[in-house]
Structures are given as structure tokens and as C-alpha cells.
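Presented below is the structure to which this report refers.
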Amino acid sequence: MFDQSLPLAERLRPSTLEDLIGQEHLVGEGAILRSAINSSMIPSMIFWGPPGVGKTTLANIIANQVKAPFHTLSAINAGVKEVRDVIHRAGRIQRTILFIDEIHRFNKSQQDALLGAVEKGVITLIGATTENPSFEVNAALLSRCQVYVLKALEKQDLLKLLSLAMEKDSKLKKRNIHLNETGALLQLAGGDARKLLSIFELVVDSFNEKEIVIEDEIVMKIAQQKVALYDKSGEQHYDIISAFIKSVRGSDPNAALYYLARMIEGGEDVKFIARRLVILASEDIGNANPTALVIATNCFQAVNMIGYPESRIILSQCTTYLACSPKSNAAYVAIKDAQAVVRETGDLSIPLHLRNAPTKLMKDQDYGKGYKYAHSFPGNFADQEFLPSEISGTRLYDPGDNARENEMRKRLRALWKEKYGY
């Protein structure tokens with residue numbers, strides 16, 4: 001019997017793969033992770049996905065199924081000492097599982113403390129993160145882990161979860177709940193099971209009578225009064241960061257500052273904000289103002305050194321600069337188009353005159369023959385072919401319509417005449 005004071009999401013937390021809702025691509029019949037669990041061949045792994053999709057639940061299920069000792073640490077309040085204590089207790093007991101929630105918050109020295117134990121098999125590490133592990137987990141540790149991507153729950157998963165809550169939870173079973181409309185609940189949840197169940201319980205608890213009729217208008221009214229509680233825990237940061245980035249992209253510094261303040265007041269990770277400003281500086285500004293990337297990169301480095309509360313000023317400067325900057329997504333579109341060409345055409349042969357020729361044999365094969373060194377020509381330019389012959393003349397970069405890129409277009413047109421259609 002569950003303690004009825006526990007949150008609904010905790011009372012409904014599944015203990016077996018059969019009870020887990022969602023993540024079929026990982027744990028469905030024949031899926032790679034399910035096969036590993038069933039064979040008890042559990043590698044160290046990182047679960048990467050948005051909040052409330054089952055990262056912690058899946059770690060618990062794995063430990064239960066393989067009958068392994070299970071230790072949990074939160075990177076928010078654990079350090080090297082706590083990591084070493086777990087490793088010491090694990091000793092020579094193989095397959096001890098150490099679950100670290102929000103592993104992206106561990107610094108390099110904390111992550112390094114795990115390396116030896118993971119490599120020797122003293123512990124099997126399961127880390128959970130909402131951040132891209134390529135950026136947040138150091139390369140040595142990441143190379144020893146499998147990365148599994150968890151997805152936001154689909155509409156049918158969330159509806160199934162609501163039905164399960166009304167059928168299985170002893171507290172809710174005592175209420176006569178009529179779920180007439182679900183649109184508002186699903187919208188507010190945003191694919192997050194924990195958020196869905198929290199809001200659902202909040203709505204149910206707001207009724208004094210035994211019979212409850214839940215409709216979208218009621219859900220939104222209650223959410224508007226109390227949803228700020230969820231903002232404080234950071235569970236809505238995907239919605240807020242989306243609004244923040246779109247405001248900067250849309251050249252509205254006022255809205256951008258509002259959403260920045262929301263994230264700061266909610267305790268959002270300063271690196272999470274700064275990293276997305278760096279990405280935006282290339283994706284949405286690019287060559288319309290190359291200085292934007294310099295400022296965003298410096299912002300990222302500065303806030304890492306300074307931290308809160310002073311880093312809010314640095315974030316504000318960078319945000320307002322990027323919001324007020326001219327915009328271009330030409331570089332972003334260019335690399336997408338280039339990748340599409342590569343996927344379509346495969347590994348085309350590199351023109352001989354562009355190939356490296358470090359040996360006599362290669363020179364005898366005409367590697368590098370006929371290459372024109374640009375700096376030996378007037379204007380540091382020599383008209384020659386750089387693309388494989390099969391895609392000669394393919395224009396991938398189309399400068400945007402702004403002062404800087406119009407100058408770039410003018411130069412490219414002068415250099416290449418009609419070849420690329422500039």
C-alpha cells in the first residue's frame with residue numbers, strides 16, 4: 001500500500017517493463033535495451049531525454065529485473081565524496097548499479113571519479129540527463145557508456161496514463177471522476193508524465209465533492225492559479241526556452257528579457273541558457289553579423305566563470321545584442337542542404353588536383369597535379385573546380401538579404417561569374 005501523501009506520479013511509478021508506458025523504441029518487444037535487460041547484460045549507460053519520460057523509472061526497473069544492488073545519487077547535492085563512498089561500498093560486488101540523476105550537473109573532477117570503477121566493472125553507471133551528453137559528459141566517461149534517447153510521451157501514452165491513474169490509484173478510485181475533456185491536460189503536460197499526473201491530481205484535489213467533472217476550462221483555471229509551482233521546479237523549461245529563443249529570433253528584446261528572467265527566477269542552469277544563445281548566434285544570425293557568435297561564445301565562457309547572480313547581467317547583454325542583431329539562417333540552411341547532397345550522392349571521388357600527395361607514389365598517380373595555390377594569383381583567387389564533377393556548379397550557400405551577406409553575394413558573383421548563379 002502506497003503512502004497516500006506521496007505524489008500521484010510516485011504512487012503510480014511502474015516496477016516492471018510490462019507496466020512502463022512509452023519508450024517502445026527502447027523497451028518494446030525485440031528492442032535493443034529490452035534485449036539487454038532480459039539477458040542481464042547491462043552496460044553502463046546514459047538516458048537522455050526531456051523531464052518526466054521515465055529515466056529514473058527505467059533505472060529502477062533495470063535494477064529490479066537484474067537483481068543488482070542499486071544506489072542513487074543526485075548530481076545537484078552529491079559530490080566526489082559521495083561517489084567514492086558508493087564505489088567503496090560496492091567493493092568487489094560486480095554489477096552494482098549507481099544511478100546519477102542530472103549527471104550533466106557533475107563537473108569534470110566528479111565525472112573523473114567514476115571512470116576507474118566503470119571501466120573495471122565495480123559499478124554499472126546509469127546517468128540521466130535532459131542535456132546533450134556530447135556536451136555535458138566528458139569524452140572518457142561517455143566512451144564507456146551507451147547513450148539511449150528517451151522521447152516525450154505521445155498523446156495515446158498520456159491518455160493511457162490517465163486511465164491507469166483512475167483505475168489503479170486507491171486514492172483516486174474513491175472519487176467519481178468524469179474525464180470529459182483532456183485537451184488542456186495534454187497541452188500543459190507537453191509529453192511529461194510527471195507533470196501530467198501532478199496537474200491531474202491538483203485538479204482533482206481542488207474539488208470538495210465526491211463526483212468530479214473535468215473539462216478544459218476548469219483545468220486551465222486551476223493551472224493559471226497554481227502552475228507557477230511547476231515553473232519553479234524547472235519542469236517547464238522546454239516551453240520557456242522555446243519562447244525565449246523565438247523571441248530573440250523574432251528581434252524582440254523585451255519578450256526575450258521576460259523569458260530570460262523567468263528562467264533565472266526558476267533557477268535554470270546558466271549553461272543551458274548560454275549554450276542555446278551560442279547555437280542561435282549561428283543558426284539565426286550567422287553571417288548577417290559574425291560578431292554575434294563571438295559575443296555568444298564569450299558569454300558562455302563568462303557565465304561559467306561567474307555563475308549566479310552576476311551572470312544574469314552577462315546573459316542580459318548577450319540576449320539583447322542577439323535580439324537586436326540583423327538575422328540570417330543562410331549558414332544553417334546551407335549545411336542542411338549540403339548534408340542532403342551527401343546523403344543523396346554518397347562518397348563522390350575527390351578531384352585529383354585537390355588530393356594530398358605526401359608520397360612519391362601519390363604524386364605519380366597525379367595527386368595534387370594542377371592545383372592552383374590561390375595566394376599566387378591576383379586577388380588571392382584562382383578559378384578552378386573544387387567540387388566533384390558529378391555536382392559541379394551546385395550552389396549550397398545562398399547569402400541572406402542583409403548588408404553583410406549582400407556584400408558577400410556581390411564578391412561571390414564577381415569571382416565565380418555565372419557558375420553558381422549568384
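If you're wondering about the labels, chains in the C-alpha cells are A, B, ... by order shown, residues count from 1 in each chain, ligands from 1 in order shown.
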
Legend entry - DSSP-assigned strand (DSSP E or B) members of stretch 45-103 of chain A, reported as a VMD selection string: chain A and resid 45 to 48 70 to 74 96 to 101

Legend entry - Who sits within 9 Å of A:Pro399, only C-alpha atoms, same chain under 2 positions skipped, as a list in words: Asn287, Ala288, Ser328, Asn329, Ala330, Ala331, Tyr397, Asp401, Asn402, Arg404, Glu405, Asn406, Met408 and Arg409 of chain A

Kindly save the residues from that selection, with all heavy atoms included, as a short mmCIF file (atom, residue, chain, number, x, y, z; two decimals), in the first residue's frame.
```cif
data_model
loop_
_atom_site.label_atom_id
_atom_site.label_comp_id
_atom_site.auth_asym_id
_atom_site.auth_seq_id
_atom_site.Cartn_x
_atom_site.Cartn_y
_atom_site.Cartn_z
N ASN A 287 26.13 34.95 -40.78
CA ASN A 287 26.99 35.94 -41.42
C ASN A 287 26.34 37.30 -41.58
O ASN A 287 26.98 38.24 -42.06
CB ASN A 287 27.45 35.42 -42.79
CG ASN A 287 28.42 34.26 -42.64
OD1 ASN A 287 29.24 34.25 -41.74
ND2 ASN A 287 28.30 33.27 -43.51
N ALA A 288 25.08 37.43 -41.18
CA ALA A 288 24.49 38.76 -41.15
C ALA A 288 25.20 39.63 -40.13
O ALA A 288 25.27 40.85 -40.27
CB ALA A 288 22.99 38.68 -40.81
N SER A 328 19.90 36.08 -40.17
CA SER A 328 20.04 35.27 -41.38
C SER A 328 20.21 33.81 -40.97
O SER A 328 20.99 33.50 -40.07
CB SER A 328 21.26 35.70 -42.20
OG SER A 328 21.52 34.77 -43.24
N ASN A 329 19.46 32.93 -41.61
CA ASN A 329 19.65 31.50 -41.36
C ASN A 329 20.33 30.82 -42.55
O ASN A 329 20.24 29.61 -42.72
CB ASN A 329 18.30 30.82 -41.06
CG ASN A 329 17.40 30.73 -42.29
OD1 ASN A 329 17.61 31.45 -43.27
ND2 ASN A 329 16.42 29.86 -42.25
N ALA A 330 21.03 31.61 -43.37
CA ALA A 330 21.64 31.08 -44.59
C ALA A 330 22.68 29.99 -44.29
O ALA A 330 22.75 28.98 -44.99
CB ALA A 330 22.28 32.21 -45.39
N ALA A 331 23.49 30.18 -43.26
CA ALA A 331 24.51 29.18 -42.93
C ALA A 331 23.85 27.88 -42.45
O ALA A 331 24.29 26.78 -42.79
CB ALA A 331 25.45 29.72 -41.85
N TYR A 397 25.39 27.47 -50.58
CA TYR A 397 25.28 28.66 -49.73
C TYR A 397 24.64 29.79 -50.52
O TYR A 397 25.15 30.22 -51.55
CB TYR A 397 26.65 29.10 -49.21
CG TYR A 397 26.61 30.37 -48.39
CD1 TYR A 397 25.75 30.48 -47.30
CD2 TYR A 397 27.42 31.45 -48.70
CE1 TYR A 397 25.71 31.65 -46.55
CE2 TYR A 397 27.40 32.62 -47.95
CZ TYR A 397 26.52 32.71 -46.87
OH TYR A 397 26.48 33.87 -46.13
N ASP A 401 19.54 38.20 -47.29
CA ASP A 401 19.29 39.56 -47.76
C ASP A 401 19.53 40.55 -46.62
O ASP A 401 18.61 41.01 -45.94
CB ASP A 401 17.85 39.68 -48.29
CG ASP A 401 17.58 41.05 -48.92
OD1 ASP A 401 18.56 41.79 -49.16
OD2 ASP A 401 16.41 41.36 -49.18
N ASN A 402 20.81 40.85 -46.38
CA ASN A 402 21.20 41.82 -45.37
C ASN A 402 22.51 42.43 -45.82
O ASN A 402 23.14 41.96 -46.78
CB ASN A 402 21.33 41.16 -43.99
CG ASN A 402 22.29 39.99 -44.01
OD1 ASN A 402 23.50 40.18 -44.03
ND2 ASN A 402 21.75 38.76 -44.03
N ARG A 404 25.68 42.70 -44.79
CA ARG A 404 26.93 41.94 -44.86
C ARG A 404 26.87 40.85 -45.92
O ARG A 404 27.79 40.68 -46.71
CB ARG A 404 27.24 41.33 -43.48
CG ARG A 404 27.74 42.33 -42.46
CD ARG A 404 28.06 41.62 -41.16
NE ARG A 404 28.52 42.55 -40.13
CZ ARG A 404 29.79 42.86 -39.91
NH1 ARG A 404 30.73 42.33 -40.67
NH2 ARG A 404 30.13 43.69 -38.95
N GLU A 405 25.77 40.09 -45.92
CA GLU A 405 25.70 38.98 -46.86
C GLU A 405 25.45 39.45 -48.30
O GLU A 405 25.82 38.75 -49.24
CB GLU A 405 24.64 37.97 -46.42
CG GLU A 405 25.12 37.15 -45.21
CD GLU A 405 24.15 36.05 -44.83
OE1 GLU A 405 23.07 36.41 -44.31
OE2 GLU A 405 24.46 34.87 -45.05
N ASN A 406 24.87 40.61 -48.47
CA ASN A 406 24.77 41.16 -49.82
C ASN A 406 26.15 41.49 -50.37
O ASN A 406 26.42 41.32 -51.57
CB ASN A 406 23.88 42.41 -49.84
CG ASN A 406 22.40 42.04 -49.81
OD1 ASN A 406 22.00 40.97 -50.29
ND2 ASN A 406 21.57 42.91 -49.25
N MET A 408 28.82 39.83 -49.49
CA MET A 408 29.39 38.51 -49.78
C MET A 408 28.87 37.98 -51.12
O MET A 408 29.62 37.42 -51.92
CB MET A 408 29.05 37.53 -48.64
CG MET A 408 29.67 37.92 -47.31
SD MET A 408 29.02 37.00 -45.91
CE MET A 408 29.68 35.38 -46.23
N ARG A 409 27.57 38.18 -51.36
CA ARG A 409 26.99 37.74 -52.63
C ARG A 409 27.66 38.47 -53.81
O ARG A 409 27.96 37.87 -54.85
CB ARG A 409 25.48 38.01 -52.64
CG ARG A 409 24.76 37.48 -53.87
CD ARG A 409 23.34 38.00 -53.93
NE ARG A 409 22.61 37.67 -52.71
CZ ARG A 409 22.02 36.49 -52.49
NH1 ARG A 409 22.06 35.56 -53.42
NH2 ARG A 409 21.39 36.26 -51.36
#
```

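Closest approach to A:Ile335 among A:Leu73, A:Leu396, A:Ala90, A:Val66 is made by A:Leu396 (distances from only C-alpha atoms).
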
Inset, instruction - Quick one: everything within 12 Å of stretch 33-44 of chain A, counting only C-alpha atoms, minus sequence neighbours fewer than 5 positions away in the same chain. Send it as a PyMOL selection string. - result: chain A and resi 16-18+20+23-28+58-68+94-100+114-115+117-128+141-150

Inset, instruction - Compile the contact shell of stretch 187-192 of chain A as a PyMOL selection string: residues with an atom at most 6 Å away, counting only C-alpha atoms, same-chain residues fewer than 5 positions apart removed. - result: chain A and resi 52-53+152-153

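Separating atom CA of A:Pro388 from atom CA of A:Thr345 is a distance of 10.4 Å.
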
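Checking A:Ser163, A:Glu418, A:Ala184, A:Arg89 one by one against A:Ile199, counting only C-alpha atoms, you find the shortest gap at A:Ala184.
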
Inset, instruction - Would you please give, as a ChimeraX atom specification, all residues of stretch 245-302 of chain A that DSSP assigns to helix (DSSP H, G or I) based on the backbone? - result: /A:245-249,253-265,270-288,291-302

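For the residues A:Ala323, A:Ala281, A:Val294, A:Ile218, ranking by smallest atom-to-atom distance to A:Asp252 using only C-alpha atoms places A:Ala323 first.
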
Legend entry - Distance in Å - atom CA of A:Leu352 versus atom CA of A:Phe386: 10.0 Å

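Among A:Val248, A:Leu315, A:Leu293, A:Ala340, the residue with the shortest atom-to-atom distance to A:Val270, counting only C-alpha atoms, is A:Leu315.
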
Inset, instruction - Find the residues near A:Tyr420: any atom within 9 Å, counting only C-alpha atoms, skip ones fewer than 5 places away on the same chain, and give them as a ChimeraX atom specification. - result: /A:393-396,412-413

With N, CA, C and O atoms kept, could you save the residues just selected as a compact mmCIF listing (two decimals), in the first residue's frame?
```
# COMPACT_ATOMS: atom_id res chain seq x y z
N GLY A 393 29.02 23.00 -59.94
CA GLY A 393 28.08 24.10 -60.10
C GLY A 393 26.92 24.11 -59.11
O GLY A 393 26.05 24.98 -59.17
N THR A 394 26.91 23.16 -58.17
CA THR A 394 25.83 23.10 -57.18
C THR A 394 26.00 24.22 -56.14
O THR A 394 27.03 24.29 -55.47
N ARG A 395 25.01 25.08 -56.04
CA ARG A 395 25.08 26.16 -55.05
C ARG A 395 24.43 25.72 -53.76
O ARG A 395 23.25 25.38 -53.73
N LEU A 396 25.20 25.71 -52.69
CA LEU A 396 24.70 25.30 -51.38
C LEU A 396 24.53 26.49 -50.44
O LEU A 396 23.64 26.49 -49.61
N LEU A 412 31.08 36.94 -54.38
CA LEU A 412 30.99 35.61 -54.99
C LEU A 412 30.59 35.70 -56.47
O LEU A 412 31.10 34.94 -57.31
N ARG A 413 29.70 36.62 -56.76
CA ARG A 413 29.28 36.80 -58.15
C ARG A 413 30.46 37.26 -59.01
O ARG A 413 30.65 36.80 -60.14
```

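You will find atom CA of A:Glu131 at 7.9 Å from atom CA of A:Phe272.
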
Legend entry - Distance criterion (only C-alpha atoms): nearest to A:Thr130 out of A:Ser198, A:Thr56, A:Gln301, A:Gln365: A:Thr56
